[in-house]
$ cat coords03.cif   # mmCIF, C-alpha atoms
data_my_file
loop_
_atom_site.group_PDB
_atom_site.id
_atom_site.type_symbol
_atom_site.label_atom_id
_atom_site.label_comp_id
_atom_site.auth_asym_id
_atom_site.auth_seq_id
_atom_site.Cartn_x
_atom_site.Cartn_y
_atom_site.Cartn_z
ATOM 1 C CA MET A 248 -14.080 -19.536 -4.865
ATOM 2 C CA ASN A 249 -17.415 -17.806 -4.633
ATOM 3 C CA LYS A 250 -19.127 -17.128 -7.980
ATOM 4 C CA GLN A 251 -19.563 -13.481 -6.965
ATOM 5 C CA ASP A 252 -15.756 -13.103 -6.770
ATOM 6 C CA LEU A 253 -15.246 -13.876 -10.462
ATOM 7 C CA VAL A 254 -13.953 -11.135 -12.725
ATOM 8 C CA SER A 255 -16.508 -9.617 -15.098
ATOM 9 C CA ASN A 256 -16.240 -9.831 -18.880
ATOM 10 C CA ASN A 257 -14.600 -6.499 -19.530
ATOM 11 C CA VAL A 258 -12.773 -5.075 -22.544
ATOM 12 C CA SER A 259 -11.253 -1.603 -22.623
ATOM 13 C CA LEU A 260 -9.591 -0.105 -25.681
ATOM 14 C CA GLY A 261 -7.879 3.257 -25.942
ATOM 15 C CA VAL A 262 -6.131 5.305 -28.583
ATOM 16 C CA GLY A 263 -4.605 8.738 -28.427
ATOM 17 C CA ALA A 264 -2.442 11.306 -30.148
ATOM 18 C CA GLY A 265 -0.735 14.545 -29.337
ATOM 19 C CA TYR A 266 1.010 17.482 -30.929
ATOM 20 C CA SER A 267 3.677 19.719 -29.390
ATOM 21 C CA ILE A 268 5.755 22.726 -30.306
ATOM 22 C CA TYR A 269 9.055 23.695 -28.687
ATOM 23 C CA PRO A 270 9.249 27.515 -28.471
ATOM 24 C CA ARG A 271 12.741 27.654 -26.949
ATOM 25 C CA LYS A 272 14.116 26.260 -30.225
ATOM 26 C CA LYS A 273 12.511 29.011 -32.354
ATOM 27 C CA TRP A 274 11.968 32.162 -30.302
ATOM 28 C CA LYS A 275 14.575 33.676 -27.970
ATOM 29 C CA LYS A 276 12.054 35.508 -25.777
ATOM 30 C CA PHE A 277 10.342 32.202 -24.887
ATOM 31 C CA GLN A 278 13.496 30.379 -23.732
ATOM 32 C CA PHE A 279 11.855 29.396 -20.431
ATOM 33 C CA ILE A 280 9.072 27.427 -22.188
ATOM 34 C CA GLU A 281 10.152 23.883 -22.970
ATOM 35 C CA GLU A 282 6.968 22.626 -24.645
ATOM 36 C CA ILE A 283 3.411 23.643 -25.508
ATOM 37 C CA GLY A 284 1.104 20.862 -26.555
ATOM 38 C CA THR A 285 -2.203 19.139 -26.775
ATOM 39 C CA GLU A 286 -3.302 15.522 -26.394
ATOM 40 C CA PHE A 287 -6.499 13.685 -27.269
ATOM 41 C CA HIS A 288 -7.461 10.208 -26.090
ATOM 42 C CA TYR A 289 -10.472 8.047 -26.964
ATOM 43 C CA LEU A 290 -11.503 5.232 -24.628
ATOM 44 C CA TYR A 291 -14.040 2.472 -25.300
ATOM 45 C CA ASN A 292 -15.260 0.127 -22.587
ATOM 46 C CA TYR A 293 -17.461 -2.968 -22.812
ATOM 47 C CA ASP A 294 -18.504 -4.580 -19.547
ATOM 48 C CA LYS A 295 -20.772 -7.618 -19.133
ATOM 49 C CA PRO A 296 -20.952 -8.049 -15.352
ATOM 50 C CA SER A 297 -21.677 -11.395 -13.743
ATOM 51 C CA GLY A 298 -25.166 -12.127 -12.513
ATOM 52 C CA ASN A 299 -28.194 -10.208 -13.727
ATOM 53 C CA ASN A 300 -26.467 -6.856 -14.048
ATOM 54 C CA PRO A 301 -26.916 -5.208 -17.477
ATOM 55 C CA LYS A 302 -24.062 -4.983 -19.952
ATOM 56 C CA VAL A 303 -22.535 -1.554 -20.477
ATOM 57 C CA ASN A 304 -21.023 0.004 -23.605
ATOM 58 C CA SER A 305 -19.260 3.278 -22.830
ATOM 59 C CA ASN A 306 -16.934 5.612 -24.652
ATOM 60 C CA GLY A 307 -15.323 8.901 -23.846
ATOM 61 C CA ILE A 308 -12.820 11.507 -24.982
ATOM 62 C CA LEU A 309 -10.120 13.226 -22.936
ATOM 63 C CA GLY A 310 -8.582 16.429 -24.260
ATOM 64 C CA LYS A 311 -5.594 18.131 -22.657
ATOM 65 C CA LEU A 312 -3.720 21.403 -23.218
ATOM 66 C CA PHE A 313 -0.388 21.883 -21.454
ATOM 67 C CA LEU A 314 2.660 24.099 -21.083
ATOM 68 C CA ARG A 315 5.953 22.752 -19.666
ATOM 69 C CA PHE A 316 8.814 24.772 -18.209
ATOM 70 C CA LYS A 317 11.612 23.931 -15.727
ATOM 71 C CA GLU A 318 10.270 20.437 -14.930
ATOM 72 C CA THR A 319 6.834 21.974 -14.272
ATOM 73 C CA GLU A 320 3.611 21.413 -16.181
ATOM 74 C CA LEU A 321 0.581 23.702 -16.228
ATOM 75 C CA TYR A 322 -2.424 22.019 -17.792
ATOM 76 C CA TYR A 323 -6.135 22.004 -18.463
ATOM 77 C CA GLN A 324 -7.961 18.802 -19.359
ATOM 78 C CA GLN A 325 -11.546 17.832 -19.986
ATOM 79 C CA TRP A 326 -13.219 14.416 -20.026
ATOM 80 C CA ARG A 327 -16.493 13.836 -21.853
ATOM 81 C CA SER A 328 -18.213 10.483 -21.995
ATOM 82 C CA LYS A 329 -21.234 9.128 -23.804
ATOM 83 C CA ASN A 330 -23.128 7.676 -20.860
ATOM 84 C CA ASN A 331 -20.925 8.066 -17.755
ATOM 85 C CA ASP A 332 -20.875 4.345 -16.959
ATOM 86 C CA PHE A 333 -17.115 3.991 -16.450
ATOM 87 C CA ASN A 334 -17.141 2.356 -13.037
ATOM 88 C CA ALA A 335 -16.305 -1.075 -11.702
ATOM 89 C CA GLU A 336 -19.053 -3.614 -11.014
ATOM 90 C CA LYS A 337 -18.228 -3.655 -7.299
ATOM 91 C CA GLY A 338 -16.801 -0.130 -7.256
ATOM 92 C CA ASP A 339 -17.987 2.881 -5.347
ATOM 93 C CA PRO A 340 -20.630 4.660 -7.471
ATOM 94 C CA LEU A 341 -19.187 8.015 -6.344
ATOM 95 C CA TYR A 342 -16.037 7.257 -8.360
ATOM 96 C CA GLN A 343 -17.549 6.959 -11.817
ATOM 97 C CA ALA A 344 -15.689 8.719 -14.628
ATOM 98 C CA LYS A 345 -18.348 11.339 -15.167
ATOM 99 C CA ASP A 346 -17.731 14.426 -17.284
ATOM 100 C CA TYR A 347 -15.257 16.744 -15.596
ATOM 101 C CA MET A 348 -12.810 19.589 -16.146
ATOM 102 C CA GLU A 349 -9.436 19.758 -14.402
ATOM 103 C CA ILE A 350 -6.712 22.366 -14.056
ATOM 104 C CA GLY A 351 -3.403 21.803 -12.377
ATOM 105 C CA ILE A 352 0.244 22.469 -11.878
ATOM 106 C CA GLU A 353 2.678 19.583 -11.450
ATOM 107 C CA LYS A 354 6.364 19.878 -10.516
ATOM 108 C CA LYS A 355 8.934 17.110 -10.881
ATOM 109 C CA ILE A 356 11.960 17.474 -8.564
ATOM 110 C CA PHE A 357 15.158 15.507 -9.208
ATOM 111 C CA ILE A 358 16.319 13.970 -5.903
ATOM 112 C CA GLY A 359 19.072 11.586 -6.979
ATOM 113 C CA GLU A 360 20.052 9.155 -9.677
ATOM 114 C CA GLY A 361 16.763 7.889 -11.116
ATOM 115 C CA ILE A 362 14.676 9.252 -8.224
ATOM 116 C CA PHE A 363 12.100 12.023 -8.641
ATOM 117 C CA LEU A 364 9.624 13.636 -6.279
ATOM 118 C CA THR A 365 6.421 14.785 -7.961
ATOM 119 C CA THR A 366 4.123 17.289 -6.335
ATOM 120 C CA ALA A 367 0.921 18.640 -7.816
ATOM 121 C CA PHE A 368 -1.971 20.910 -6.996
ATOM 122 C CA LYS A 369 -5.089 20.161 -9.003
ATOM 123 C CA GLY A 370 -8.685 21.227 -9.121
ATOM 124 C CA GLN A 371 -11.602 19.378 -10.688
ATOM 125 C CA TRP A 372 -15.136 20.469 -11.418
ATOM 126 C CA VAL A 373 -17.205 17.333 -10.863
ATOM 127 C CA GLN A 374 -21.015 17.382 -10.792
ATOM 128 C CA GLY A 375 -21.037 21.151 -10.335
ATOM 129 C CA GLN A 376 -18.579 21.187 -7.425
ATOM 130 C CA PHE A 377 -14.926 22.218 -7.293
ATOM 131 C CA VAL A 378 -12.696 19.550 -5.722
ATOM 132 C CA HIS A 379 -9.138 20.454 -4.658
ATOM 133 C CA ILE A 380 -6.485 17.711 -4.879
ATOM 134 C CA ASP A 381 -2.953 17.774 -3.424
ATOM 135 C CA HIS A 382 -0.654 15.103 -4.823
ATOM 136 C CA LEU A 383 2.781 13.890 -3.700
ATOM 137 C CA SER A 384 4.596 10.856 -5.124
ATOM 138 C CA VAL A 385 8.067 9.361 -5.538
ATOM 139 C CA LEU A 386 9.206 7.845 -8.842
ATOM 140 C CA TRP A 387 12.146 5.454 -8.755
ATOM 141 C CA GLN A 388 13.572 4.491 -12.150
ATOM 142 C CA GLY A 389 16.449 2.283 -13.119
ATOM 143 C CA GLU A 390 17.921 -0.792 -11.485
ATOM 144 C CA PHE A 391 16.666 -1.792 -8.092
ATOM 145 C CA SER A 392 19.631 -3.733 -6.715
ATOM 146 C CA LEU A 393 17.863 -4.657 -3.486
ATOM 147 C CA PHE A 394 15.856 -7.289 -5.375
ATOM 148 C CA GLU A 395 18.971 -8.565 -7.164
ATOM 149 C CA ASP A 396 20.821 -8.949 -3.847
ATOM 150 C CA TYR A 397 17.814 -10.631 -2.242
ATOM 151 C CA PHE A 398 17.444 -13.245 -4.984
ATOM 152 C CA GLU A 399 21.187 -13.845 -5.114
ATOM 153 C CA LYS A 400 21.166 -14.593 -1.335
ATOM 154 C CA ILE A 401 18.238 -17.000 -1.781
ATOM 155 C CA LYS A 402 20.076 -18.775 -4.587
ATOM 156 C CA LYS A 403 23.267 -19.129 -2.505
ATOM 157 C CA SER A 404 21.363 -20.442 0.530
ATOM 158 C CA ALA A 405 19.612 -23.031 -1.686
ATOM 159 C CA ASP A 406 22.964 -24.345 -2.993
#

$ encode --input "coords03.cif" --output "structure tokens"
Amino acid sequence: MNKQDLVSNNVSLGVGAGYSIYPRKKWKKFQFIEEIGTEFHYLYNYDKPSGNNPKVNSNGILGKLFLRFKETELYYQQWRSKNNDFNAEKGDPLYQAKDYMEIGIEKKIFIGEGIFLTTAFKGQWVQGQFVHIDHLSVLWQGEFSLFEDYFEKIKKSAD
């Protein structure tokens, strides 16, 4: 193993909290709103890279406001950091966690038992530019019997 391939001495700690209200439980005219809330997260990062690279102490705060209705979330979030040094030692310097604002809408669609399709349209203001992001993902929860069947076949063939 090459010494340059070793993992850096890195510690990241995070803590967060949130508060929500549920209007549909209190006010009839807001039945379509499932939840209105806010979240705050604090992140601390210490990184002592290998070689002669300087150590980095960073911290930042993420705040988020959101509104959820019919498996859809509208949100605004903002990230602020002390010194913008949240990036990997060998990472692309363009992908540092610099201060940014983001707005978005995210929709979760139920496809089948334990399977969801998530689609989102987001926009970020990064370094004075607006960046549009389209997002599509599949979430599969629950038992994944394919692995159970696979390992059971391996066990039987070994016997």

$ resolve_selection --input "coords03.cif" --expression "the PyMOL selection byres ((chain A and resi 370) around 8)" --output "PyMOL selection string"
chain A and resi 349-351+368-369+371-372+377-380

$ closest_residue --input "coords03.cif" --among "A:Leu260, A:Phe287, A:Gln388, A:Leu364" --to "Arg327 of chain A" --atoms "only C-alpha atoms"
A:Phe287

$ resolve_selection --input "coords03.cif" --expression "the PyMOL selection byres ((chain A and resi 367) around 6)" --output "short mmCIF file (atom, residue, chain, number, x, y, z; two decimals) with C-alpha atoms, in the frame of the given file"
data_model
loop_
_atom_site.label_atom_id
_atom_site.label_comp_id
_atom_site.auth_asym_id
_atom_site.auth_seq_id
_atom_site.Cartn_x
_atom_site.Cartn_y
_atom_site.Cartn_z
CA ILE A 352 0.24 22.47 -11.88
CA GLU A 353 2.68 19.58 -11.45
CA THR A 366 4.12 17.29 -6.34
CA PHE A 368 -1.97 20.91 -7.00
CA ASP A 381 -2.95 17.77 -3.42
CA HIS A 382 -0.65 15.10 -4.82
#

$ atom_distance --input "coords03.cif" --atom1 "atom CA of Phe277 of chain A" --atom2 "atom CA of Phe313 of chain A"
15.3 Å

$ closest_residue --input "coords03.cif" --among "A:Phe357, A:Asn299, A:His288, A:Lys311" --to "Ser267 of chain A" --atoms "all atoms listed in the file"
A:Lys311

$ resolve_selection --input "coords03.cif" --expression "the PyMOL selection byres ((chain A and resi 281-285) around 8)" --output "PyMOL selection string"
chain A and resi 265-271+278-280+286-287+310-317

$ write_last_selection --input "coords03.cif" --atoms "C-alpha atoms" --output "PDB file, in the frame of the given file"
ATOM      1  CA  GLY A 265      -0.735  14.545 -29.337  1.00  0.00           C
ATOM      2  CA  TYR A 266       1.010  17.482 -30.929  1.00  0.00           C
ATOM      3  CA  SER A 267       3.677  19.719 -29.390  1.00  0.00           C
ATOM      4  CA  ILE A 268       5.755  22.726 -30.306  1.00  0.00           C
ATOM      5  CA  TYR A 269       9.055  23.695 -28.687  1.00  0.00           C
ATOM      6  CA  PRO A 270       9.249  27.515 -28.471  1.00  0.00           C
ATOM      7  CA  ARG A 271      12.741  27.654 -26.949  1.00  0.00           C
ATOM      8  CA  GLN A 278      13.496  30.379 -23.732  1.00  0.00           C
ATOM      9  CA  PHE A 279      11.855  29.396 -20.431  1.00  0.00           C
ATOM     10  CA  ILE A 280       9.072  27.427 -22.188  1.00  0.00           C
ATOM     11  CA  GLU A 286      -3.302  15.522 -26.394  1.00  0.00           C
ATOM     12  CA  PHE A 287      -6.499  13.685 -27.269  1.00  0.00           C
ATOM     13  CA  GLY A 310      -8.582  16.429 -24.260  1.00  0.00           C
ATOM     14  CA  LYS A 311      -5.594  18.131 -22.657  1.00  0.00           C
ATOM     15  CA  LEU A 312      -3.720  21.403 -23.218  1.00  0.00           C
ATOM     16  CA  PHE A 313      -0.388  21.883 -21.454  1.00  0.00           C
ATOM     17  CA  LEU A 314       2.660  24.099 -21.083  1.00  0.00           C
ATOM     18  CA  ARG A 315       5.953  22.752 -19.666  1.00  0.00           C
ATOM     19  CA  PHE A 316       8.814  24.772 -18.209  1.00  0.00           C
ATOM     20  CA  LYS A 317      11.612  23.931 -15.727  1.00  0.00           C
TER      21      LYS A 317
END

$ atom_distance --input "coords03.cif" --atom1 "atom CA of Leu290 of chain A" --atom2 "atom CA of Ser259 of chain A"
7.1 Å

$ atom_distance --input "coords03.cif" --atom1 "atom CA of Val258 of chain A" --atom2 "atom CA of Tyr293 of chain A"
5.1 Å

$ residues_around --input "coords03.cif" --residues "Phe363 of chain A" --least-positions-apart "5" --cutoff "12 Å" --atoms "all atoms listed in the file" --output "count of residues only"
13

$ axis_aligned_box --input "coords03.cif" --around "segment 378-390 of chain A" --padding-each-side "6 Å" --output "lines of an AutoDock Vina configuration file"
center_x = 2.6
center_y = 9.8
center_z = -8.3
size_x = 42.6
size_y = 33.2
size_z = 21.7
